[in-house]
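What follows is the content of protein_27.cif, which has mmCIF, C-alpha atoms:
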```
data_coords
loop_
_atom_site.label_atom_id
_atom_site.label_comp_id
_atom_site.auth_asym_id
_atom_site.auth_seq_id
_atom_site.Cartn_x
_atom_site.Cartn_y
_atom_site.Cartn_z
CA MET A 18 21.11 -6.33 -125.72
CA PRO A 19 22.08 -2.72 -126.47
CA THR A 20 24.09 -0.92 -123.89
CA ALA A 21 23.89 2.70 -122.84
CA PRO A 22 26.43 5.08 -124.37
CA ARG A 23 29.63 5.31 -122.41
CA THR A 24 29.27 9.03 -121.76
CA THR A 25 32.03 9.06 -119.19
CA GLU A 26 34.55 7.57 -121.60
CA ILE A 27 33.45 9.91 -124.41
CA ALA A 28 33.86 12.91 -122.13
CA LYS A 29 37.32 11.75 -121.16
CA SER A 30 38.39 11.34 -124.77
CA ALA A 31 37.19 14.82 -125.84
CA PRO A 32 39.94 17.42 -125.97
CA PRO A 33 39.90 19.87 -123.07
CA PRO A 34 38.83 23.44 -123.83
CA ALA A 35 41.67 25.72 -124.79
CA ARG A 36 43.05 27.49 -121.74
CA SER A 37 43.05 31.27 -121.99
CA VAL A 38 46.49 32.62 -122.75
CA LEU A 39 45.94 35.18 -119.99
CA ARG A 40 46.05 32.33 -117.45
CA ASP A 41 49.39 31.06 -118.74
CA THR A 42 52.22 32.06 -116.40
CA ALA A 43 54.89 31.80 -119.10
CA PHE A 44 52.98 34.10 -121.41
CA LEU A 45 52.17 36.57 -118.62
CA ARG A 46 55.88 36.86 -117.87
CA LEU A 47 56.59 37.45 -121.54
CA TRP A 48 53.72 39.95 -121.77
CA THR A 49 55.03 41.85 -118.74
CA GLY A 50 58.51 42.10 -120.25
CA ALA A 51 57.20 43.17 -123.65
CA THR A 52 54.91 45.75 -122.03
CA ALA A 53 57.78 47.18 -120.03
CA SER A 54 59.93 47.45 -123.16
CA GLY A 55 57.06 49.15 -125.00
CA LEU A 56 56.59 51.66 -122.18
CA ALA A 57 60.32 52.40 -122.09
CA THR A 58 60.45 52.81 -125.88
CA TRP A 59 57.51 55.20 -125.89
CA ALA A 60 58.65 57.16 -122.81
CA LEU A 61 62.14 58.13 -123.97
CA PRO A 62 61.20 60.72 -126.63
CA PHE A 63 58.44 62.06 -124.36
CA VAL A 64 60.82 62.55 -121.41
CA LEU A 65 63.45 64.12 -123.65
CA GLY A 66 60.70 66.43 -124.91
CA LEU A 67 60.11 67.50 -121.30
CA ALA A 68 63.81 68.38 -121.14
CA VAL A 69 63.25 70.71 -124.10
CA LEU A 70 60.36 72.37 -122.28
CA ASP A 71 62.50 73.10 -119.23
CA ARG A 72 65.33 74.27 -121.52
CA THR A 73 67.77 71.59 -120.36
CA LEU A 74 67.88 70.36 -123.97
CA SER A 75 67.56 72.33 -127.20
CA PRO A 76 65.19 71.26 -130.01
CA ALA A 77 68.20 70.63 -132.27
CA ALA A 78 69.75 68.39 -129.61
CA LEU A 79 66.47 66.49 -129.27
CA GLY A 80 66.44 65.83 -133.01
CA LEU A 81 70.04 64.58 -132.84
CA LEU A 82 69.25 62.20 -129.97
CA LEU A 83 66.19 60.78 -131.68
CA ALA A 84 68.18 60.31 -134.87
CA ALA A 85 70.92 58.51 -132.91
CA ARG A 86 68.32 56.22 -131.38
CA THR A 87 66.92 55.42 -134.82
CA VAL A 88 70.39 54.61 -136.16
CA GLY A 89 71.02 52.29 -133.21
CA PHE A 90 67.67 50.60 -133.78
CA LEU A 91 68.25 50.00 -137.49
CA ALA A 92 71.78 48.70 -136.90
CA ALA A 93 70.70 46.28 -134.18
CA VAL A 94 67.51 44.83 -135.67
CA PRO A 95 69.24 42.48 -138.17
CA VAL A 96 71.89 41.57 -135.60
CA GLY A 97 69.20 40.73 -133.06
CA GLY A 98 67.34 38.65 -135.62
CA VAL A 99 70.39 36.53 -136.45
CA LEU A 100 71.40 36.12 -132.80
CA ALA A 101 67.87 35.16 -131.76
CA ASP A 102 67.82 32.39 -134.39
CA ARG A 103 71.38 31.34 -133.62
CA HIS A 104 71.20 31.34 -129.81
CA SER A 105 68.61 31.45 -127.03
CA ARG A 106 65.90 34.02 -127.73
CA ARG A 107 65.53 34.52 -124.00
CA GLY A 108 69.22 35.37 -123.86
CA VAL A 109 68.89 37.95 -126.62
CA VAL A 110 66.00 39.60 -124.75
CA LEU A 111 68.11 39.62 -121.58
CA TRP A 112 71.23 41.20 -123.02
CA SER A 113 69.43 43.67 -125.27
CA GLY A 114 67.27 44.79 -122.33
CA LEU A 115 70.33 45.20 -120.12
CA ALA A 116 72.04 47.27 -122.84
CA ALA A 117 69.01 49.56 -123.09
CA ALA A 118 68.86 49.80 -119.29
CA ALA A 119 72.52 50.83 -119.17
CA SER A 120 71.77 53.73 -121.52
CA ALA A 121 69.44 55.40 -119.00
CA PRO A 122 72.04 56.48 -116.40
CA LEU A 123 74.31 57.62 -119.25
CA LEU A 124 71.51 59.82 -120.60
CA ALA A 125 70.87 61.22 -117.12
CA ALA A 126 74.58 61.87 -116.57
CA GLY A 127 74.94 63.69 -119.89
CA LEU A 128 71.78 65.78 -119.55
CA GLY A 129 72.80 69.43 -119.66
CA ARG A 130 76.48 68.47 -119.59
CA SER A 131 77.58 66.37 -122.57
CA LEU A 132 75.58 66.02 -125.78
CA PRO A 133 78.05 63.46 -127.29
CA LEU A 134 77.56 61.21 -124.24
CA MET A 135 73.79 61.51 -124.61
CA ALA A 136 73.97 60.72 -128.33
CA LEU A 137 76.03 57.59 -127.59
CA ALA A 138 73.53 56.57 -124.90
CA ALA A 139 70.57 57.19 -127.23
CA ALA A 140 72.17 54.97 -129.87
CA LEU A 141 72.68 52.27 -127.21
CA ALA A 142 69.02 52.58 -126.18
CA GLY A 143 67.96 52.21 -129.81
CA ALA A 144 70.22 49.19 -130.23
CA GLY A 145 68.69 47.47 -127.21
CA GLN A 146 65.21 48.23 -128.50
CA GLY A 147 66.03 46.99 -132.00
CA ALA A 148 67.71 43.77 -130.89
CA CYS A 149 64.86 42.73 -128.59
CA ARG A 150 62.00 43.27 -131.08
CA PRO A 151 62.56 40.18 -133.29
CA ALA A 152 63.50 38.15 -130.22
CA PHE A 153 60.21 38.99 -128.49
CA GLN A 154 58.31 38.15 -131.68
CA ALA A 155 59.99 34.76 -131.99
CA LEU A 156 59.76 34.05 -128.25
CA THR A 157 55.98 34.46 -128.44
CA ALA A 158 55.87 31.56 -130.90
CA GLU A 159 57.89 29.45 -128.46
CA VAL A 160 55.85 30.23 -125.36
CA VAL A 161 52.34 30.10 -126.89
CA ASP A 162 50.90 27.21 -128.90
CA ALA A 163 49.60 27.90 -132.42
CA GLY A 164 45.92 27.86 -131.48
CA ARG A 165 46.30 30.73 -129.00
CA ARG A 166 48.81 32.96 -130.74
CA GLN A 167 46.24 35.33 -132.18
CA GLN A 168 44.91 35.92 -128.68
CA ALA A 169 48.48 36.37 -127.42
CA ASN A 170 49.37 38.87 -130.13
CA ALA A 171 46.15 40.78 -129.41
CA ALA A 172 47.13 40.97 -125.73
CA MET A 173 50.57 42.22 -126.71
CA THR A 174 49.25 45.00 -128.92
CA LEU A 175 46.58 45.86 -126.35
CA SER A 176 49.29 46.68 -123.83
CA VAL A 177 50.97 48.98 -126.35
CA ARG A 178 47.76 50.91 -126.97
CA VAL A 179 46.96 51.25 -123.26
CA SER A 180 50.48 52.56 -122.68
CA THR A 181 50.07 55.09 -125.48
CA LEU A 182 46.72 56.23 -124.12
CA ALA A 183 47.62 56.48 -120.42
CA GLY A 184 51.37 57.10 -120.65
CA PRO A 185 51.41 60.85 -121.39
CA ALA A 186 49.14 61.73 -118.47
CA LEU A 187 51.07 59.47 -116.07
CA THR A 188 54.45 60.84 -117.16
CA ALA A 189 53.22 64.42 -116.93
CA LEU A 190 52.02 63.76 -113.37
CA LEU A 191 55.36 62.19 -112.42
CA ALA A 192 57.22 65.15 -113.95
CA VAL A 193 55.54 67.47 -111.43
CA ALA A 194 57.37 65.73 -108.58
CA LEU A 195 60.39 64.22 -110.33
CA GLY A 196 63.11 65.75 -112.45
CA THR A 197 63.96 64.70 -115.99
CA GLY A 198 67.05 62.82 -114.81
CA THR A 199 64.96 60.74 -112.40
CA LEU A 200 62.45 59.96 -115.12
CA LEU A 201 65.28 58.75 -117.35
CA LEU A 202 66.42 56.42 -114.56
CA GLY A 203 62.82 55.17 -114.37
CA ILE A 204 63.05 54.26 -118.06
CA GLY A 205 66.14 52.23 -117.20
CA ALA A 206 64.15 50.40 -114.51
CA LEU A 207 61.50 49.53 -117.10
CA TRP A 208 64.20 48.05 -119.33
CA LEU A 209 65.42 45.95 -116.39
CA VAL A 210 61.90 44.54 -116.04
CA ALA A 211 61.87 43.81 -119.78
CA ALA A 212 65.22 42.04 -119.53
CA LEU A 213 64.66 39.98 -116.40
CA THR A 214 60.95 39.05 -116.38
CA PRO A 215 60.40 36.77 -119.45
CA GLY A 216 61.07 33.08 -118.98
CA ARG A 217 62.86 30.68 -121.27
CA GLY A 218 61.12 29.37 -124.37
CA THR A 219 60.67 25.72 -125.24
CA ARG A 220 62.38 25.64 -128.63
CA ALA A 221 64.89 22.90 -129.28
CA PRO A 222 68.17 23.99 -130.90
CA ALA A 223 67.79 24.66 -134.63
CA THR A 224 70.58 22.24 -135.49
CA ALA A 225 71.43 19.28 -133.31
CA PRO A 226 75.13 18.62 -132.81
CA SER A 227 76.58 15.77 -134.81
CA PRO A 228 77.22 12.67 -132.71
CA GLN A 229 80.57 12.11 -134.41
CA GLY A 230 83.32 14.56 -135.13
CA PRO A 231 83.40 18.33 -134.69
CA SER A 232 80.33 20.40 -135.46
CA PRO A 233 80.32 22.05 -138.91
CA GLN A 234 81.58 25.60 -139.19
CA ARG A 235 78.83 28.15 -138.62
CA PRO A 236 77.92 30.35 -141.60
CA SER A 237 78.83 34.02 -141.44
CA PHE A 238 76.46 36.63 -140.09
CA LEU A 239 75.68 37.92 -143.57
CA ALA A 240 75.06 34.41 -144.86
CA GLU A 241 72.62 33.70 -142.03
CA PHE A 242 70.78 36.98 -142.61
CA ALA A 243 70.61 36.23 -146.33
CA ASP A 244 69.14 32.85 -145.42
CA GLY A 245 66.41 34.71 -143.55
CA ILE A 246 65.72 36.83 -146.64
CA ARG A 247 65.43 33.67 -148.74
CA GLU A 248 62.95 32.28 -146.22
CA ALA A 249 60.88 35.47 -146.50
CA ARG A 250 60.89 35.20 -150.29
CA ARG A 251 59.43 31.69 -150.02
CA HIS A 252 56.21 33.36 -148.86
CA PRO A 253 54.88 35.68 -151.59
CA TRP A 254 52.09 36.90 -149.30
CA PHE A 255 54.70 38.07 -146.79
CA ILE A 256 56.74 40.05 -149.32
CA ALA A 257 53.65 41.66 -150.87
CA THR A 258 52.13 42.56 -147.50
CA LEU A 259 55.41 43.91 -146.13
CA ALA A 260 55.70 46.15 -149.19
CA ALA A 261 52.16 47.43 -148.59
CA LEU A 262 52.80 48.01 -144.88
CA THR A 263 56.02 49.90 -145.62
CA ALA A 264 54.23 52.09 -148.17
CA VAL A 265 51.40 52.92 -145.75
CA ILE A 266 53.74 53.78 -142.88
CA ALA A 267 56.16 55.79 -145.02
CA THR A 268 53.38 57.85 -146.62
CA GLY A 269 50.07 57.85 -144.75
CA TYR A 270 51.49 57.59 -141.23
CA SER A 271 54.18 60.17 -141.92
CA ALA A 272 51.82 62.56 -143.72
CA THR A 273 49.27 62.59 -140.95
CA GLY A 274 51.99 62.91 -138.33
CA VAL A 275 53.18 66.13 -139.97
CA ALA A 276 49.92 67.47 -141.41
CA LEU A 277 47.50 66.84 -138.53
CA PRO A 278 49.12 69.36 -136.14
CA LEU A 279 49.29 71.97 -138.93
CA ILE A 280 45.68 71.49 -140.00
CA SER A 281 44.44 71.42 -136.40
CA ARG A 282 46.12 74.80 -135.88
CA ASP A 283 45.50 76.52 -139.22
CA ARG A 284 42.10 75.16 -140.33
CA TYR A 285 40.36 74.63 -137.00
CA ASP A 286 42.33 77.14 -134.90
CA THR A 287 42.57 74.78 -131.95
CA GLY A 288 44.67 71.94 -130.64
CA VAL A 289 41.57 70.02 -129.62
CA VAL A 290 41.27 68.36 -133.03
CA LEU A 291 44.84 67.08 -132.76
CA ALA A 292 44.24 65.66 -129.27
CA ALA A 293 40.83 64.20 -130.13
CA ALA A 294 42.03 62.56 -133.36
CA THR A 295 45.08 60.91 -131.78
CA THR A 296 42.97 59.71 -128.84
CA ALA A 297 40.33 58.34 -131.23
CA TYR A 298 43.04 56.47 -133.15
CA THR A 299 44.26 54.76 -129.98
CA ALA A 300 40.72 54.05 -128.77
CA GLY A 301 39.85 52.47 -132.13
CA ALA A 302 42.97 50.31 -131.95
CA LEU A 303 42.05 49.20 -128.42
CA ALA A 304 38.57 48.16 -129.53
CA ALA A 305 39.96 46.28 -132.52
CA ALA A 306 42.53 44.44 -130.38
CA LEU A 307 39.71 43.15 -128.17
CA LEU A 308 37.72 42.10 -131.26
CA ILE A 309 40.53 40.37 -133.14
CA ALA A 310 41.55 38.34 -130.10
CA ARG A 311 38.63 36.02 -130.91
CA TRP A 312 37.43 36.89 -134.41
CA ARG A 313 38.68 34.56 -137.15
CA PRO A 314 37.57 35.91 -140.55
CA PRO A 315 37.32 33.25 -143.29
CA SER A 316 39.80 35.15 -145.50
CA GLN A 317 42.07 36.53 -142.82
CA GLY A 318 44.64 37.97 -145.22
CA TRP A 319 42.12 39.97 -147.20
CA ALA A 320 40.45 41.15 -143.98
CA ALA A 321 43.82 42.26 -142.59
CA LEU A 322 44.77 44.10 -145.79
CA ALA A 323 41.39 45.84 -145.79
CA GLY A 324 42.18 46.98 -142.26
CA LEU A 325 45.56 48.29 -143.39
CA ALA A 326 43.91 50.17 -146.27
CA ALA A 327 41.55 51.84 -143.77
CA TYR A 328 44.48 54.02 -142.71
CA GLY A 329 43.88 55.94 -145.94
CA PHE A 330 40.82 57.55 -144.34
CA ALA A 331 43.12 59.53 -142.03
CA PRO A 332 44.92 61.57 -144.74
CA LEU A 333 41.68 61.67 -146.75
CA SER A 334 39.86 63.38 -143.87
CA LEU A 335 42.54 66.10 -143.77
CA LEU A 336 42.22 66.77 -147.48
CA LEU A 337 38.98 68.80 -147.41
CA PRO A 338 37.53 71.33 -144.92
CA VAL A 339 35.18 68.89 -143.21
CA HIS A 340 33.67 69.09 -139.74
CA PRO A 341 36.18 68.16 -136.98
CA ALA A 342 34.01 65.17 -136.05
CA VAL A 343 34.73 63.68 -139.48
CA VAL A 344 38.48 63.89 -138.81
CA VAL A 345 38.08 62.26 -135.40
CA ALA A 346 35.90 59.49 -136.87
CA ALA A 347 38.39 58.86 -139.67
CA TYR A 348 41.21 58.44 -137.16
CA ALA A 349 39.08 56.03 -135.13
CA VAL A 350 38.49 53.95 -138.27
CA ALA A 351 42.23 54.04 -139.03
CA GLY A 352 42.97 52.80 -135.50
CA VAL A 353 40.51 49.94 -135.84
CA GLY A 354 41.98 49.00 -139.19
CA ILE A 355 45.63 49.00 -138.15
CA GLU A 356 44.97 46.57 -135.30
CA LEU A 357 42.79 44.34 -137.49
CA PHE A 358 45.91 44.14 -139.63
CA ASN A 359 48.67 43.87 -137.02
CA VAL A 360 47.44 40.88 -135.04
CA PRO A 361 46.75 38.50 -138.00
CA TRP A 362 49.99 39.67 -139.63
CA PHE A 363 52.10 38.75 -136.61
CA THR A 364 50.18 35.51 -136.07
CA ALA A 365 50.54 34.41 -139.68
CA THR A 366 54.27 35.13 -139.68
CA GLN A 367 54.72 33.03 -136.55
CA ARG A 368 52.69 30.22 -138.10
CA GLU A 369 54.08 30.12 -141.64
CA VAL A 370 57.77 30.99 -141.31
CA ALA A 371 60.24 28.23 -140.44
CA PRO A 372 60.74 28.39 -136.64
CA ASP A 373 64.54 28.54 -136.86
CA LYS A 374 64.33 31.57 -139.18
CA LEU A 375 61.45 33.42 -137.55
CA ALA A 376 63.53 36.07 -135.77
CA ARG A 377 65.44 36.94 -138.96
CA VAL A 378 62.23 37.29 -140.98
CA SER A 379 60.70 39.40 -138.20
CA SER A 380 63.78 41.62 -138.18
CA LEU A 381 63.27 42.21 -141.91
CA ASP A 382 59.72 43.33 -141.13
CA PHE A 383 60.86 45.83 -138.47
CA MET A 384 63.75 47.10 -140.57
CA LEU A 385 61.57 48.06 -143.52
CA SER A 386 58.28 49.05 -141.93
CA TYR A 387 59.73 51.01 -139.02
CA GLY A 388 63.03 51.87 -140.64
CA LEU A 389 61.55 53.83 -143.52
CA ALA A 390 59.15 55.80 -141.30
CA PRO A 391 61.81 58.42 -140.41
CA VAL A 392 62.58 58.79 -144.12
CA GLY A 393 58.92 59.48 -144.79
CA LEU A 394 58.77 62.01 -141.95
CA ALA A 395 61.86 63.77 -143.27
CA LEU A 396 60.46 64.04 -146.81
CA ILE A 397 56.83 64.89 -146.08
CA ALA A 398 57.45 68.37 -144.66
CA PRO A 399 59.52 69.58 -147.68
CA ALA A 400 56.93 68.01 -150.00
CA ILE A 401 54.14 69.93 -148.26
CA ASP A 402 56.15 73.16 -148.62
CA ALA A 403 56.77 72.47 -152.32
CA PHE A 404 53.39 71.11 -153.46
CA GLY A 405 50.96 72.08 -150.71
CA PRO A 406 49.27 69.87 -148.13
CA ARG A 407 46.29 68.92 -150.30
CA ALA A 408 48.40 67.42 -153.09
CA VAL A 409 50.62 65.51 -150.66
CA LEU A 410 47.68 64.20 -148.64
CA ALA A 411 45.86 63.11 -151.81
CA VAL A 412 48.86 61.12 -153.00
CA CYS A 413 49.37 59.57 -149.56
CA ALA A 414 45.69 58.58 -149.28
CA LEU A 415 45.84 57.01 -152.73
CA ILE A 416 48.93 54.98 -151.80
CA CYS A 417 47.29 53.83 -148.53
CA PHE A 418 44.31 52.46 -150.46
CA ALA A 419 46.21 51.12 -153.48
CA ALA A 420 49.17 49.36 -151.83
CA PRO A 421 47.10 46.87 -149.74
CA ALA A 422 44.78 46.32 -152.71
CA ALA A 423 47.78 45.40 -154.87
CA ALA A 424 49.08 43.05 -152.15
CA ALA A 425 45.66 41.34 -152.02
CA LEU A 426 46.10 40.31 -155.68
CA VAL A 427 48.85 37.87 -154.68
CA PRO A 428 47.04 34.49 -154.49
CA SER A 429 48.51 33.42 -151.14
CA ALA A 430 47.58 36.78 -149.56
CA ARG A 431 43.94 35.77 -149.14
CA HIS A 432 44.73 33.53 -146.15
CA PHE A 433 48.27 34.78 -145.38
CA SER A 434 49.42 31.29 -146.24
CA SER A 435 50.93 29.40 -149.16
CA ARG A 436 49.33 26.20 -147.90
CA PRO A 437 45.88 24.96 -148.98
CA ALA A 438 43.07 27.07 -147.54
CA ARG A 439 41.96 26.08 -144.08
CA LYS A 440 38.44 25.98 -142.79
CA ALA A 441 37.25 29.19 -141.20
CA GLY A 442 38.20 29.40 -137.54
CA ALA A 443 41.17 27.04 -137.83
CA PRO A 444 44.36 28.33 -136.24
#
```
With the file now loaded, output its structure as structure tokens.
Amino acid sequence: MPTAPRTTEIAKSAPPPARSVLRDTAFLRLWTGATASGLATWALPFVLGLAVLDRTLSPAALGLLLAARTVGFLAAVPVGGVLADRHSRRGVVLWSGLAAAASAPLLAAGLGRSLPLMALAAALAGAGQGACRPAFQALTAEVVDAGRRQQANAAMTLSVRVSTLAGPALTALLAVALGTGTLLLGIGALWLVAALTPGRGTRAPATAPSPQGPSPQRPSFLAEFADGIREARRHPWFIATLAALTAVIATGYSATGVALPLISRDRYDTGVVLAAATTAYTAGALAAALLIARWRPPSQGWAALAGLAAYGFAPLSLLLPVHPAVVVAAYAVAGVGIELFNVPWFTATQREVAPDKLARVSSLDFMLSYGLAPVGLALIAPAIDAFGPRAVLAVCALICFAAPAAAALVPSARHFSSRPARKAGAP
């Protein structure tokens, strides 16, 4: 005699629905710390700019401090990557955040009194920022399971965009009641939140101690960093995409950063185009972060590289005397594209790279993509003076379109994976 289906048992055996990452306490602590570090990183040049406006700091001194911060960042990124793979990633976040927090009172003490002290403090702030970036990236892979990392990375980047959109207005309001020195101390408080809020990850040590005899001698710092480079080279899609990202940031991002204010002033005779375009860029990125949290394109690598190439519309819109609305729309498209790239890029790196080398590979990403941006900014202005803005913008737009297209030709770039292609929607 046939029996009725055992629906209760079937229901019990089915896997539970994936819990939203936004309901995960460990991730929310990590997100809070990363958001605080992002706010502090963004706020420092803005607050120092306010010191220029009230004549406490000269424009030349501001340039020196920002350069010192960049040097500290670039020096600390590879160190932070090695330390985060060698030791606790939570510990690296803690000590790098505390170092950046310590720079704030030094900056406030030197303001208007000692430029060398401020330069030293700015370098310390950059070092704290640089050391924590690969650690945060690797800690995300520890705290969040593979199936929810894309959602987690989207939440991370969403906080950055919200900070960029709301931060200037909030800081300007605070500056009405608070002095620059107090605002600098507030940046230090943000770094304390970044240092103390995240919890410990779940990663086991990369190498278990030998049960017999002394542990083997640890390789040198350079050897461990070189091991991270070798790990990156095992993934052709990673190397090709990193090269494309570096090219886009060093040319398109830098060109629009220099040319947009000039064109807004000279061609349109107003600062409204500058404000509207930058706001549209951030708004587009916000919309894309919400979309990519759940969208899983079948060929995620190609989709991400197409998003990266969309940044080319920004310099392209500045090339010809078009209506201001075209410029604003182009920047919105560029914002959408950059976030459709960022989130799958971070997620794929966390998925494909060996866990015990993830921080070192991430540090290589930050060193090249962010590290060469100041070089691009330094070269774009002289190039515009020598060849004119139209020629420079045309070359930059061409590079923005061509570099991701070239990266897409690498076979493993289609899915950002050297493994056999997965079914659409698989993590």
_Show me, as a count of residues only, the residues that have an atom within 12 Å of A:Leu394 when counting all atoms listed in the file, minus same-chain residues fewer than 4 positions from it._
20
_Picked residues, the PyMOL selection byres ((chain A and resi 121-123) around 7), expected as number ranges by chain_ = A: 118-120, 124-127, 134-135, 138, 201-202, 204-205
*Selection under test: the PyMOL selection byres ((chain A and resi 297-309) around 8); residues as a PyMOL selection string*: chain A and resi 167-168+171-172+174-175+178-179+181-182+293-296+310-313+345-346+348-357+360
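With only C-alpha atoms as the atoms that count, the minimum distance from A:Leu239 to the choices A:Arg407, A:His340, A:Arg377, A:Arg251 is reached by A:Arg377.
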Write out, as JSON lines, each residue of stretch 127-201 of chain A that has an atom at most 12 Å from stretch 208-212 of chain A, together with the closest pair of atoms and their distance in Å to one decimal, counting all atoms listed in the file, rows going by chain and rising number.
```
{"residue": "A:Ala142", "atom": "CA", "partner": "A:Trp208", "partner_atom": "CA", "distance": 9.5}
{"residue": "A:Gly143", "atom": "CA", "partner": "A:Trp208", "partner_atom": "CA", "distance": 11.9}
{"residue": "A:Gly145", "atom": "CA", "partner": "A:Trp208", "partner_atom": "CA", "distance": 9.1}
{"residue": "A:Gln146", "atom": "CA", "partner": "A:Trp208", "partner_atom": "CA", "distance": 9.2}
{"residue": "A:Ala148", "atom": "CA", "partner": "A:Ala212", "partner_atom": "CA", "distance": 11.8}
{"residue": "A:Cys149", "atom": "CA", "partner": "A:Ala212", "partner_atom": "CA", "distance": 9.1}
{"residue": "A:Arg150", "atom": "CA", "partner": "A:Ala211", "partner_atom": "CA", "distance": 11.3}
{"residue": "A:Ala152", "atom": "CA", "partner": "A:Ala212", "partner_atom": "CA", "distance": 11.5}
{"residue": "A:Phe153", "atom": "CA", "partner": "A:Ala211", "partner_atom": "CA", "distance": 10.1}
{"residue": "A:Leu201", "atom": "CA", "partner": "A:Trp208", "partner_atom": "CA", "distance": 10.9}
```
Closest contacts (stretch 315-347 of chain A/stretch 362-370 of chain A, max 10 Å, only C-alpha atoms) as a tab-separated table:
```
residue	atom	partner	partner_atom	distance
A:Gln317	CA	A:Trp362	CA	9.1
A:Gly318	CA	A:Trp362	CA	7.9
A:Ala321	CA	A:Trp362	CA	7.3
A:Leu322	CA	A:Trp362	CA	9.2
```
*asked:* (62.5, 45.6, -139.0) in this file's frame - what residues fall within 9 Å of it? Use only C-alpha atoms and give the answer as a PyMOL selection string.
replied: chain A and resi 90-91+94-95+147+150-151+378-388
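Between atom CA of A:Ala414 and atom CA of A:Gly324 the interatomic distance comes to 14.0 Å.
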Would you tabulate, counting only C-alpha atoms, all residues of stretch 329-396 of chain A that have an atom at most 8 Å from an atom of stretch 100-110 of chain A, showing the closest pair of atoms and their distance in Å to one decimal, sorted by chain then ascending number, as a tab-separated table?
```
residue	atom	partner	partner_atom	distance
A:Asp373	CA	A:Asp102	CA	5.6
A:Lys374	CA	A:Asp102	CA	6.0
A:Leu375	CA	A:Asp102	CA	7.2
A:Ala376	CA	A:Asp102	CA	5.8
A:Arg377	CA	A:Asp102	CA	6.9
```
*Determine the residue set returned by the PyMOL selection byres ((chain A and resi 259) around 10) for the present structure, and present it as a PyMOL selection string.*
chain A and resi 253-258+260-265+362+381-383+385-386+421+424
*Give the answer as one residue: which of A:Arg247, A:Arg217, A:Arg166, A:Arg235 has the shortest atom-to-atom distance to A:Leu47, using only C-alpha atoms?*
A:Arg217
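Nearest to A:Gly329 of all the residues A:Ser316, A:Ala411, A:Arg282, A:Thr157 is A:Ala411, counting all atoms listed in the file.
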*Find, counting all atoms listed in the file, the residue in A:Leu200, A:Ala92, A:Leu82, A:Ala158 that gets nearest to A:Leu67.*
A:Leu200
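Proximity to A:Leu65 was assessed for A:Pro341, A:Gly89, A:Pro391, A:Gly198 counting only C-alpha atoms; the smallest distance is recorded for A:Gly198.
Atom CA of A:Gly405 sits 21.7 Å away from atom CA of A:Ala419.
The shortest atom-to-atom distance to A:Leu279, with all atoms listed in the file taken into account, belongs to A:Leu291 out of A:Leu426, A:Ala140, A:Leu291, A:Ala420.
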*asked:* Give me the residues near A:Ser75 as a ChimeraX atom specification, where near means some atom within 10 Å (using all atoms listed in the file) and where sequence neighbours in that chain fewer than 6 positions away do not count.
replied: /A:65-66,68-69,81,129
